[in-house]
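**Student:** My structure file model-v4.pdb, PDB, C-alpha atoms, is below:
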```pdb
ATOM      1  CA  MET E  58     -34.846  -2.896 -21.466
ATOM      2  CA  ASN E  59     -31.245  -4.103 -21.745
ATOM      3  CA  ILE E  60     -29.265  -2.393 -24.475
ATOM      4  CA  THR E  61     -27.270  -4.860 -26.588
ATOM      5  CA  ILE E  62     -24.334  -4.531 -28.933
ATOM      6  CA  LYS E  63     -26.797  -4.945 -31.816
ATOM      7  CA  ASP E  64     -28.665  -1.840 -30.670
ATOM      8  CA  VAL E  65     -25.428   0.137 -30.686
ATOM      9  CA  ALA E  66     -24.526  -1.201 -34.140
ATOM     10  CA  LYS E  67     -27.909  -0.217 -35.528
ATOM     11  CA  LYS E  68     -27.726   3.323 -34.158
ATOM     12  CA  ALA E  69     -24.156   3.809 -35.426
ATOM     13  CA  ASN E  70     -25.019   2.164 -38.762
ATOM     14  CA  VAL E  71     -22.190  -0.387 -38.473
ATOM     15  CA  SER E  72     -21.957  -4.107 -37.885
ATOM     16  CA  PRO E  73     -21.882  -5.616 -34.357
ATOM     17  CA  SER E  74     -18.341  -6.836 -35.038
ATOM     18  CA  THR E  75     -17.261  -3.246 -35.709
ATOM     19  CA  VAL E  76     -18.721  -2.151 -32.377
ATOM     20  CA  SER E  77     -16.821  -4.985 -30.696
ATOM     21  CA  ARG E  78     -13.556  -3.872 -32.300
ATOM     22  CA  VAL E  79     -14.098  -0.271 -31.204
ATOM     23  CA  ILE E  80     -14.734  -1.403 -27.636
ATOM     24  CA  SER E  81     -11.554  -3.530 -27.622
ATOM     25  CA  GLY E  82      -9.534  -0.568 -28.929
ATOM     26  CA  SER E  83      -8.688  -1.934 -32.348
ATOM     27  CA  SER E  84      -6.505   0.393 -34.445
ATOM     28  CA  ARG E  85      -8.049  -0.988 -37.657
ATOM     29  CA  ILE E  86     -11.198   1.118 -37.272
ATOM     30  CA  SER E  87     -11.180   4.663 -38.662
ATOM     31  CA  ASP E  88     -11.389   7.640 -36.329
ATOM     32  CA  GLU E  89     -14.703   8.697 -37.837
ATOM     33  CA  THR E  90     -16.299   5.283 -37.257
ATOM     34  CA  THR E  91     -14.826   5.032 -33.761
ATOM     35  CA  GLU E  92     -16.271   8.417 -32.858
ATOM     36  CA  ARG E  93     -19.695   7.445 -34.231
ATOM     37  CA  VAL E  94     -19.754   4.167 -32.286
ATOM     38  CA  ASN E  95     -18.627   5.819 -29.056
ATOM     39  CA  ARG E  96     -21.311   8.453 -29.467
ATOM     40  CA  ALA E  97     -23.952   5.729 -29.893
ATOM     41  CA  ILE E  98     -22.625   3.910 -26.823
ATOM     42  CA  LYS E  99     -22.912   7.080 -24.765
ATOM     43  CA  GLU E 100     -26.371   8.012 -26.033
ATOM     44  CA  LEU E 101     -27.744   4.522 -25.394
ATOM     45  CA  ASN E 102     -25.922   4.233 -22.034
ATOM     46  CA  TYR E 103     -24.526   0.876 -23.139
ATOM     47  CA  TYR E 104     -22.230  -1.157 -20.871
ATOM     48  CA  PRO E 105     -20.313  -4.032 -22.518
ATOM     49  CA  ASN E 106     -20.692  -7.498 -21.024
ATOM     50  CA  ILE E 107     -17.343  -8.045 -19.342
ATOM     51  CA  ILE E 108     -17.573 -11.832 -19.371
ATOM     52  CA  ALA E 109     -18.397 -11.901 -23.072
ATOM     53  CA  ARG E 110     -15.537  -9.515 -23.794
ATOM     54  CA  SER E 111     -13.069 -11.650 -21.847
ATOM     55  CA  LEU E 112     -13.975 -14.723 -23.892
ATOM     56  CA  VAL E 113     -13.146 -12.861 -27.086
ATOM     57  CA  SER E 114     -10.144 -10.806 -26.016
ATOM     58  CA  LYS E 115      -8.658 -13.327 -23.554
ATOM     59  CA  SER E 116      -8.520 -10.434 -21.086
ATOM     60  CA  THR E 117     -10.644 -10.000 -17.966
ATOM     61  CA  GLN E 118      -9.858  -6.310 -17.396
ATOM     62  CA  VAL E 119      -9.608  -7.245 -13.709
ATOM     63  CA  ILE E 120      -6.660  -6.703 -11.371
ATOM     64  CA  GLY E 121      -6.283  -8.954  -8.333
ATOM     65  CA  ILE E 122      -5.064  -7.504  -5.028
ATOM     66  CA  ILE E 123      -3.640  -9.690  -2.269
ATOM     67  CA  LEU E 124      -4.178  -8.177   1.187
ATOM     68  CA  PRO E 125      -2.997  -9.339   4.634
ATOM     69  CA  SER E 126      -5.740 -10.422   7.037
ATOM     70  CA  GLU E 127      -5.220  -7.358   9.236
ATOM     71  CA  ALA E 128      -6.431  -5.242   6.295
ATOM     72  CA  GLU E 129      -9.801  -6.963   6.703
ATOM     73  CA  GLU E 130     -10.387  -4.504   9.519
ATOM     74  CA  LEU E 131     -10.344  -1.722   6.941
ATOM     75  CA  PHE E 132     -11.787   0.897   9.257
ATOM     76  CA  GLY E 133      -9.111   0.096  11.828
ATOM     77  CA  ASN E 134      -6.196   0.592   9.431
ATOM     78  CA  HIS E 135      -6.747   3.441   7.005
ATOM     79  CA  PHE E 136      -3.510   2.691   5.163
ATOM     80  CA  PHE E 137      -5.228   0.007   3.123
ATOM     81  CA  ILE E 138      -8.247   2.216   2.417
ATOM     82  CA  GLN E 139      -5.933   4.877   1.008
ATOM     83  CA  VAL E 140      -3.942   2.370  -1.067
ATOM     84  CA  LEU E 141      -7.122   0.842  -2.539
ATOM     85  CA  THR E 142      -8.470   4.321  -3.274
ATOM     86  CA  GLY E 143      -5.312   5.174  -5.193
ATOM     87  CA  ILE E 144      -5.403   1.915  -7.143
ATOM     88  CA  SER E 145      -9.077   2.331  -8.013
ATOM     89  CA  SER E 146      -8.696   5.956  -9.120
ATOM     90  CA  TYR E 147      -6.090   4.929 -11.697
ATOM     91  CA  VAL E 148      -7.446   1.652 -13.054
ATOM     92  CA  GLN E 149     -10.969   2.933 -13.624
ATOM     93  CA  LYS E 150      -9.607   5.444 -16.143
ATOM     94  CA  TYR E 151      -8.425   2.523 -18.265
ATOM     95  CA  GLY E 152     -11.495   0.330 -17.934
ATOM     96  CA  TYR E 153     -10.077  -2.083 -15.346
ATOM     97  CA  TYR E 154     -11.788  -3.404 -12.219
ATOM     98  CA  ILE E 155     -10.316  -4.697  -8.985
ATOM     99  CA  MET E 156     -10.814  -7.935  -7.067
ATOM    100  CA  TYR E 157      -9.226  -8.417  -3.674
ATOM    101  CA  THR E 158      -8.605 -11.315  -1.308
ATOM    102  CA  PHE E 159      -7.660 -11.294   2.398
ATOM    103  CA  CYS E 160      -5.054 -13.874   3.442
ATOM    104  CA  LYS E 161      -3.871 -14.843   6.904
ATOM    105  CA  THR E 162      -0.529 -16.408   5.939
ATOM    106  CA  GLU E 163       1.984 -16.356   3.122
ATOM    107  CA  GLU E 164       0.842 -19.851   2.155
ATOM    108  CA  ASP E 165      -2.742 -18.573   1.869
ATOM    109  CA  GLU E 166      -1.502 -15.797  -0.407
ATOM    110  CA  VAL E 167       0.238 -18.238  -2.743
ATOM    111  CA  THR E 168      -2.936 -20.350  -2.865
ATOM    112  CA  ALA E 169      -5.045 -17.298  -3.693
ATOM    113  CA  ILE E 170      -2.639 -16.300  -6.461
ATOM    114  CA  LYS E 171      -2.809 -19.783  -7.983
ATOM    115  CA  LYS E 172      -6.620 -19.631  -8.004
ATOM    116  CA  TYR E 173      -6.582 -16.198  -9.605
ATOM    117  CA  VAL E 174      -4.245 -17.359 -12.361
ATOM    118  CA  THR E 175      -5.535 -20.870 -13.112
ATOM    119  CA  SER E 176      -9.149 -19.688 -13.142
ATOM    120  CA  ASN E 177      -8.308 -16.785 -15.480
ATOM    121  CA  LEU E 178      -9.929 -14.371 -13.051
ATOM    122  CA  VAL E 179      -7.411 -11.526 -13.393
ATOM    123  CA  ASP E 180      -4.968 -10.015 -15.870
ATOM    124  CA  GLY E 181      -2.424  -8.972 -13.249
ATOM    125  CA  ILE E 182      -1.780  -9.008  -9.503
ATOM    126  CA  ILE E 183      -0.767  -6.442  -6.861
ATOM    127  CA  LEU E 184       0.994  -7.656  -3.711
ATOM    128  CA  THR E 185       0.580  -5.267  -0.762
ATOM    129  CA  VAL E 186       3.407  -6.617   1.425
ATOM    130  CA  VAL E 187       6.944  -7.811   0.688
ATOM    131  CA  ARG E 188       8.801 -10.365   2.794
ATOM    132  CA  HIS E 189      12.276 -11.781   2.925
ATOM    133  CA  ASN E 190      12.483 -14.631   0.391
ATOM    134  CA  ASP E 191       8.916 -13.865  -0.642
ATOM    135  CA  GLN E 192       7.162 -16.977  -1.955
ATOM    136  CA  CYS E 193       4.426 -15.001  -3.756
ATOM    137  CA  ILE E 194       7.019 -13.131  -5.789
ATOM    138  CA  LYS E 195       8.892 -16.340  -6.477
ATOM    139  CA  HIS E 196       5.762 -18.088  -7.800
ATOM    140  CA  LEU E 197       4.676 -15.167  -9.986
ATOM    141  CA  GLN E 198       8.144 -14.955 -11.487
ATOM    142  CA  GLU E 199       8.199 -18.697 -12.178
ATOM    143  CA  ILE E 200       4.917 -18.577 -14.126
ATOM    144  CA  ASN E 201       5.789 -15.211 -15.723
ATOM    145  CA  PHE E 202       2.516 -13.578 -14.661
ATOM    146  CA  PRO E 203       2.196  -9.738 -14.569
ATOM    147  CA  PHE E 204       2.479  -8.297 -11.056
ATOM    148  CA  VAL E 205       3.625  -5.291  -9.042
ATOM    149  CA  VAL E 206       4.545  -5.116  -5.351
ATOM    150  CA  ILE E 207       4.028  -2.405  -2.770
ATOM    151  CA  GLY E 208       7.276  -2.355  -0.838
ATOM    152  CA  ARG E 209      10.949  -2.822  -1.612
ATOM    153  CA  PRO E 210      11.619  -6.290  -3.064
ATOM    154  CA  GLU E 211      14.990  -7.946  -2.669
ATOM    155  CA  ASP E 212      15.517  -7.919  -6.440
ATOM    156  CA  THR E 213      14.800  -4.277  -7.282
ATOM    157  CA  LYS E 214      15.866  -4.576 -10.927
ATOM    158  CA  LYS E 215      13.662  -7.417 -12.193
ATOM    159  CA  ILE E 216      10.481  -6.621 -10.250
ATOM    160  CA  LEU E 217       8.065  -3.710 -10.642
ATOM    161  CA  TRP E 218       7.613  -1.996  -7.286
ATOM    162  CA  VAL E 219       6.466   1.154  -5.468
ATOM    163  CA  ASP E 220       7.579   2.251  -2.020
ATOM    164  CA  ASN E 221       8.759   5.111   0.167
ATOM    165  CA  ASP E 222      12.358   5.513   1.241
ATOM    166  CA  ASN E 223      11.522   3.962   4.597
ATOM    167  CA  PHE E 224      15.122   3.976   5.775
ATOM    168  CA  GLN E 225      15.498   7.713   5.208
ATOM    169  CA  ALA E 226      12.068   8.565   6.623
ATOM    170  CA  MET E 227      12.817   6.860   9.941
ATOM    171  CA  TYR E 228      16.401   8.150   9.963
ATOM    172  CA  ASN E 229      15.102  11.726   9.708
ATOM    173  CA  VAL E 230      12.614  11.310  12.559
ATOM    174  CA  VAL E 231      15.095   9.685  14.927
ATOM    175  CA  SER E 232      17.833  12.203  14.043
ATOM    176  CA  LYS E 233      15.452  15.028  14.939
ATOM    177  CA  LEU E 234      14.718  13.481  18.328
ATOM    178  CA  LEU E 235      18.410  12.826  19.005
ATOM    179  CA  LEU E 236      19.285  16.427  18.156
ATOM    180  CA  GLU E 237      16.628  17.525  20.674
ATOM    181  CA  GLY E 238      18.557  15.624  23.336
ATOM    182  CA  HIS E 239      16.692  12.306  23.589
ATOM    183  CA  ARG E 240      18.852   9.293  24.414
ATOM    184  CA  LYS E 241      16.273   6.607  25.191
ATOM    185  CA  ILE E 242      14.072   6.387  22.118
ATOM    186  CA  ALA E 243      11.685   3.437  22.036
ATOM    187  CA  PHE E 244      11.200   1.750  18.653
ATOM    188  CA  ILE E 245       7.984  -0.211  18.064
ATOM    189  CA  GLY E 246       8.092  -2.069  14.762
ATOM    190  CA  GLY E 247       6.205  -4.640  12.754
ATOM    191  CA  ARG E 248       7.145  -8.191  11.797
ATOM    192  CA  LYS E 249      10.848  -8.847  11.283
ATOM    193  CA  ASP E 250      10.301 -10.592   7.934
ATOM    194  CA  LEU E 251       8.674  -7.538   6.324
ATOM    195  CA  ASN E 252      11.117  -5.409   4.338
ATOM    196  CA  VAL E 253       9.367  -2.223   5.418
ATOM    197  CA  SER E 254      10.050  -3.146   9.052
ATOM    198  CA  LYS E 255      13.688  -3.912   8.285
ATOM    199  CA  ASP E 256      14.225  -0.627   6.464
ATOM    200  CA  ARG E 257      12.692   1.486   9.223
ATOM    201  CA  LEU E 258      14.661  -0.303  11.921
ATOM    202  CA  SER E 259      17.834   0.229   9.869
ATOM    203  CA  GLY E 260      17.047   3.949   9.719
ATOM    204  CA  TYR E 261      16.594   3.999  13.504
ATOM    205  CA  ARG E 262      19.929   2.277  14.044
ATOM    206  CA  GLN E 263      21.849   4.372  11.520
ATOM    207  CA  ALA E 264      20.598   7.629  13.051
ATOM    208  CA  HIS E 265      21.992   6.560  16.417
ATOM    209  CA  LYS E 266      25.270   5.545  14.806
ATOM    210  CA  PHE E 267      25.638   8.841  12.927
ATOM    211  CA  HIS E 268      24.987  10.894  16.077
ATOM    212  CA  ASP E 269      27.260   8.610  18.125
ATOM    213  CA  VAL E 270      24.524   7.576  20.551
ATOM    214  CA  ALA E 271      24.512   4.020  21.903
ATOM    215  CA  ILE E 272      21.276   2.039  21.477
ATOM    216  CA  ASP E 273      19.702   0.300  24.438
ATOM    217  CA  GLU E 274      18.390  -2.871  22.755
ATOM    218  CA  GLN E 275      15.673  -3.088  25.395
ATOM    219  CA  CYS E 276      14.105  -0.015  23.763
ATOM    220  CA  ILE E 277      13.339  -2.037  20.632
ATOM    221  CA  SER E 278      10.167  -4.100  20.306
ATOM    222  CA  GLU E 279       8.953  -5.810  17.103
ATOM    223  CA  MET E 280       5.343  -6.971  17.001
ATOM    224  CA  GLU E 281       3.530  -9.508  14.805
ATOM    225  CA  TYR E 282       0.858  -7.132  13.503
ATOM    226  CA  PHE E 283       0.132  -3.422  13.186
ATOM    227  CA  LYS E 284      -2.559  -3.303  15.868
ATOM    228  CA  GLU E 285      -3.256  -0.822  18.630
ATOM    229  CA  HIS E 286      -3.256  -3.256  21.547
ATOM    230  CA  LEU E 287       0.174  -4.519  20.489
ATOM    231  CA  GLY E 288       1.563  -0.982  20.705
ATOM    232  CA  TYR E 289       0.244  -0.851  24.253
ATOM    233  CA  GLU E 290       1.852  -4.201  25.085
ATOM    234  CA  ALA E 291       5.154  -3.131  23.547
ATOM    235  CA  MET E 292       5.386  -0.038  25.751
ATOM    236  CA  GLU E 293       4.386  -2.092  28.778
ATOM    237  CA  LYS E 294       7.384  -4.370  28.178
ATOM    238  CA  ILE E 295       9.812  -1.589  27.323
ATOM    239  CA  THR E 296       9.031   0.737  30.242
ATOM    240  CA  ASN E 297       9.271  -2.153  32.691
ATOM    241  CA  LYS E 298      12.930  -2.416  31.660
ATOM    242  CA  VAL E 299      14.000   1.106  30.813
ATOM    243  CA  GLY E 300      12.597   4.623  31.034
ATOM    244  CA  VAL E 301      12.108   6.147  27.593
ATOM    245  CA  THR E 302      12.159   9.834  26.638
ATOM    246  CA  ALA E 303      10.590   9.481  23.165
ATOM    247  CA  ILE E 304       8.770   6.877  21.075
ATOM    248  CA  VAL E 305       8.779   6.082  17.348
ATOM    249  CA  ALA E 306       6.374   3.528  15.895
ATOM    250  CA  THR E 307       6.332   2.134  12.357
ATOM    251  CA  ASP E 308       2.534   2.450  12.135
ATOM    252  CA  ASP E 309       0.004   4.853  13.621
ATOM    253  CA  LEU E 310      -1.974   2.012  15.189
ATOM    254  CA  LEU E 311       1.088   0.953  17.185
ATOM    255  CA  ALA E 312       1.621   4.601  18.152
ATOM    256  CA  PHE E 313      -2.016   4.853  19.316
ATOM    257  CA  GLY E 314      -1.433   1.925  21.643
ATOM    258  CA  ALA E 315       1.800   3.419  22.961
ATOM    259  CA  ASN E 316       0.005   6.699  23.576
ATOM    260  CA  SER E 317      -2.757   4.930  25.509
ATOM    261  CA  TYR E 318      -0.198   3.253  27.745
ATOM    262  CA  MET E 319       1.651   6.479  28.449
ATOM    263  CA  LYS E 320      -1.558   8.365  29.268
ATOM    264  CA  LYS E 321      -2.752   5.619  31.600
ATOM    265  CA  ASN E 322       0.548   5.846  33.458
ATOM    266  CA  ASN E 323       0.622   9.654  33.503
ATOM    267  CA  LYS E 324       3.718   9.899  31.336
ATOM    268  CA  ALA E 325       4.273  12.484  28.598
ATOM    269  CA  VAL E 326       6.977  11.975  25.989
ATOM    270  CA  PRO E 327       7.146  12.774  22.262
ATOM    271  CA  ILE E 328       5.482  10.101  20.097
ATOM    272  CA  VAL E 329       5.758   9.778  16.301
ATOM    273  CA  GLY E 330       3.825   7.311  14.157
ATOM    274  CA  PHE E 331       3.851   6.385  10.490
ATOM    275  CA  ASN E 332       1.162   6.600   7.756
ATOM    276  CA  ASN E 333      -0.581   9.799   8.969
ATOM    277  CA  THR E 334      -3.917   8.007   9.112
ATOM    278  CA  LEU E 335      -7.185   9.913   9.453
ATOM    279  CA  LEU E 336      -7.441   9.239  13.188
ATOM    280  CA  ALA E 337      -3.933  10.545  13.991
ATOM    281  CA  GLU E 338      -5.024  14.158  14.435
ATOM    282  CA  HIS E 339      -7.925  13.060  16.658
ATOM    283  CA  GLN E 340      -5.719  11.408  19.275
ATOM    284  CA  HIS E 341      -5.164  13.079  22.637
ATOM    285  CA  PRO E 342      -2.776  14.731  22.104
ATOM    286  CA  PRO E 343      -2.942  14.802  18.277
ATOM    287  CA  LEU E 344      -0.284  12.431  16.945
ATOM    288  CA  SER E 345       2.724  13.535  14.921
ATOM    289  CA  SER E 346       3.107  11.117  12.044
ATOM    290  CA  VAL E 347       5.084  10.526   8.860
ATOM    291  CA  ASP E 348       2.782  10.959   5.872
ATOM    292  CA  ILE E 349       3.742   8.237   3.386
ATOM    293  CA  ASN E 350       1.185   9.322   0.748
ATOM    294  CA  ALA E 351      -0.567   5.937   0.737
ATOM    295  CA  LYS E 352      -3.092   6.986  -1.905
ATOM    296  CA  LYS E 353      -0.228   7.982  -4.200
ATOM    297  CA  ILE E 354       1.467   4.638  -3.533
ATOM    298  CA  GLY E 355      -1.681   2.860  -4.719
ATOM    299  CA  TYR E 356      -2.031   5.146  -7.744
ATOM    300  CA  TYR E 357       1.511   4.548  -9.009
ATOM    301  CA  THR E 358       1.326   0.831  -8.266
ATOM    302  CA  ALA E 359      -1.706   0.626 -10.554
ATOM    303  CA  LYS E 360       0.091   2.763 -13.142
ATOM    304  CA  LEU E 361       3.024   0.330 -13.298
ATOM    305  CA  LEU E 362       0.739  -2.694 -13.662
ATOM    306  CA  VAL E 363      -1.590  -1.165 -16.253
ATOM    307  CA  ASN E 364       1.404   0.008 -18.295
ATOM    308  CA  GLN E 365       2.752  -3.540 -18.189
ATOM    309  CA  LEU E 366      -0.588  -5.012 -19.254
ATOM    310  CA  GLU E 367      -0.932  -2.471 -22.066
ATOM    311  CA  ASN E 368       2.630  -3.193 -23.257
ATOM    312  CA  ASN E 369       3.563   0.360 -22.397
ATOM    313  CA  ALA E 370       6.073  -0.313 -19.632
ATOM    314  CA  GLN E 371       8.485   2.543 -19.028
ATOM    315  CA  GLU E 372       9.479   2.831 -15.372
ATOM    316  CA  ASN E 373      10.528  -0.091 -13.192
ATOM    317  CA  PHE E 374       9.714   1.517  -9.845
ATOM    318  CA  PHE E 375       8.517   4.656  -8.084
ATOM    319  CA  ILE E 376       9.777   6.078  -4.781
ATOM    320  CA  ILE E 377       6.992   8.107  -3.166
ATOM    321  CA  GLU E 378       7.998  11.088  -1.033
ATOM    322  CA  THR E 379       7.262  11.291   2.704
ATOM    323  CA  SER E 380       6.860  14.206   5.099
ATOM    324  CA  LEU E 381       6.685  14.506   8.873
ATOM    325  CA  ILE E 382       3.389  16.059   9.994
ATOM    326  CA  GLU E 383       4.108  17.542  13.408
ATOM    327  CA  ARG E 384       1.302  17.781  15.930
ATOM    328  CA  GLN E 385       1.077  18.131  19.699
ATOM    329  CA  SER E 386       2.402  14.650  20.504
ATOM    330  CA  THR E 387       5.922  15.884  19.786
ATOM    331  CA  GLY E 388       5.363  18.990  21.820
ATOM    332  CA  ALA E 389       5.034  16.921  25.007
ATOM    333  CA  LEU E 390       8.725  17.174  25.871
ATOM    334  CA  THR E 391       9.957  16.133  29.295
ATOM    335  CA  ASN E 392      12.873  17.558  31.218
ATOM    336  CA  ASP E 393      14.200  14.088  31.970
ATOM    337  CA  LYS E 394      16.242  13.323  28.847
TER
END
```
Could you quickly redo this structure as structure tokens?

**Tutor:**
Amino acid sequence: MNITIKDVAKKANVSPSTVSRVISGSSRISDETTERVNRAIKELNYYPNIIARSLVSKSTQVIGIILPSEAEELFGNHFFIQVLTGISSYVQKYGYYIMYTFCKTEEDEVTAIKKYVTSNLVDGIILTVVRHNDQCIKHLQEINFPFVVIGRPEDTKKILWVDNDNFQAMYNVVSKLLLEGHRKIAFIGGRKDLNVSKDRLSGYRQAHKFHDVAIDEQCISEMEYFKEHLGYEAMEKITNKVGVTAIVATDDLLAFGANSYMKKNNKAVPIVGFNNTLLAEHQHPPLSSVDINAKKIGYYTAKLLVNQLENNAQENFFIIETSLIERQSTGALTNDK
């Protein structure tokens, strides 16, 4: 038998409207009555009808998440699994749910956002990538709709955002390799229009500049997606032009591909990836990777958005710490440096 709000009201000896106010968090209800209603809800195992609540409160208690199409292969890229886990672990504490959409292009993302907003499907939106001159951000700002972005936006003062210090993280990795004597360090990055790709490439370049080491531009390859076969293709192109003594990749999947290429060609050089995904330690050899704390990124992204929705905004952004997890892939040093 379905338990209704009337059943709860009867057990708590209050009116159905009082139960509704308690559920919506009204401050007009006394603590004693609120406690009695909540006890009745728990004893009856009552779950409020979300659709009915949204009609009354004008709130859906749903957060929309816009994901790139490559995230659709969730078991191939654990970054998105970790981010969604972090988001979910925070929002569920405050009675919110998540709805996500995969989009192939930026135009698809804008279309999805418009459907979310005009159909009143969500209270706020999380963007999981940030581009140069981002049209999703521009549209959300124009309609003044609550949102948070994962990544560094171009306007860091007016937008809520969560990210790592991607410049510094890559700078530290490349500096370490340069101090070990490497002079031909391959860089495999993601799309040029993504700010995360720009920041990590800037860190790569600045490390070389600081240590007064010239960069061979043929060592740099930027791919369209974070996919394993593209890491393989990148190394195929780079090693056909120049011999490398170490490899850094802006995503573990790209590093996996680079590792496959090097093994197939009987080459052993240090390789470092990013994201410290679950499969990194199961590579042969186990892959050294920068742990970006993806679950924590998701958690604090949700925190910013929920605070905004609850009119409790305090912080404007969070920078999540990173750490290099060293495994055997950076122990495969060669004498030819």

**Student:** Starting from the displayed file, determine the output of the PyMOL selection byres ((chain E and resi 379) around 6) and express the residue list as a PyMOL selection string.

**Tutor:** chain E and resi 348-349+378+380

**Student:** Go through E:Ile86, E:Glu367, E:Lys353, E:Ser254 and flag the residue nearest Ile138 (chain E), using only C-alpha atoms for the distances.

**Tutor:**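 Of the candidates, the smallest distance to Ile138 (chain E) is held by E:Lys353.
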
**Student:** Extract, using all atoms listed in the file, all DNA, RNA and protein residues at most 12 Å from Asn373 (chain E), discarding same-chain residues fewer than 6 positions from it, and format them as a PyMOL selection string.

**Tutor:** chain E and resi 204-206+209-210+212-220+357-358+360-362+364-365

**Student:** Which neighbours of region 115-121 of chain E fall inside 7 Å, counting only C-alpha atoms, when residues of the same chain fewer than 3 positions from it are skipped, and could you give them as a short mmCIF file (atom, residue, chain, number, x, y, z; two decimals) with C-alpha atoms, in the frame of the given file?

**Tutor:**
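Okay, selection_36.cif is ready:
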```cif
data_model
loop_
_atom_site.label_atom_id
_atom_site.label_comp_id
_atom_site.auth_asym_id
_atom_site.auth_seq_id
_atom_site.Cartn_x
_atom_site.Cartn_y
_atom_site.Cartn_z
CA SER E 111 -13.07 -11.65 -21.85
CA LEU E 112 -13.98 -14.72 -23.89
CA GLY E 152 -11.50 0.33 -17.93
CA TYR E 153 -10.08 -2.08 -15.35
CA TYR E 154 -11.79 -3.40 -12.22
CA ILE E 155 -10.32 -4.70 -8.98
CA MET E 156 -10.81 -7.94 -7.07
CA TYR E 157 -9.23 -8.42 -3.67
CA LEU E 178 -9.93 -14.37 -13.05
CA VAL E 179 -7.41 -11.53 -13.39
CA ASP E 180 -4.97 -10.02 -15.87
CA GLY E 181 -2.42 -8.97 -13.25
CA ILE E 182 -1.78 -9.01 -9.50
CA ILE E 183 -0.77 -6.44 -6.86
#
```

**Student:** Kindly indicate which residue among E:Val230, E:Ile272, E:Leu335, E:Leu381 lies nearest to Gly260 (chain E), using all atoms listed in the file for the distances.

**Tutor:**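 Checking each of E:Val230, E:Ile272, E:Leu335, E:Leu381 against Gly260 (chain E), counting all atoms listed in the file, the winner is E:Val230.
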
**Student:** Rounded to one decimal in Å, what is the spacing between CA of Ile242 (chain E) and CA of Cys276 (chain E)?

**Tutor:**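 Atom-to-atom, CA of Ile242 (chain E) to CA of Cys276 (chain E), that is 6.6 Å.
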
**Student:** Care to translate the PyMOL selection byres ((chain E and resi 277) around 12) into actual residues of this file, as a ChimeraX atom specification?

**Tutor:** /E:241-247,249,257-259,261-262,272-276,278-280,288,291-292,294-296,298-299,301,304-307

**Student:** Could you name the residues that touch Val140 (chain E) at 8 Å or less, counting all atoms listed in the file, but leaving out those on the same chain fewer than 5 positions away, as number ranges by chain?

**Tutor:** E: 351-356

**Student:** Separation of CA of Phe331 (chain E) and CA of Asp309 (chain E), in Å?

**Tutor:**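 CA of Asp309 (chain E) lies at a distance of 5.2 Å from CA of Phe331 (chain E).
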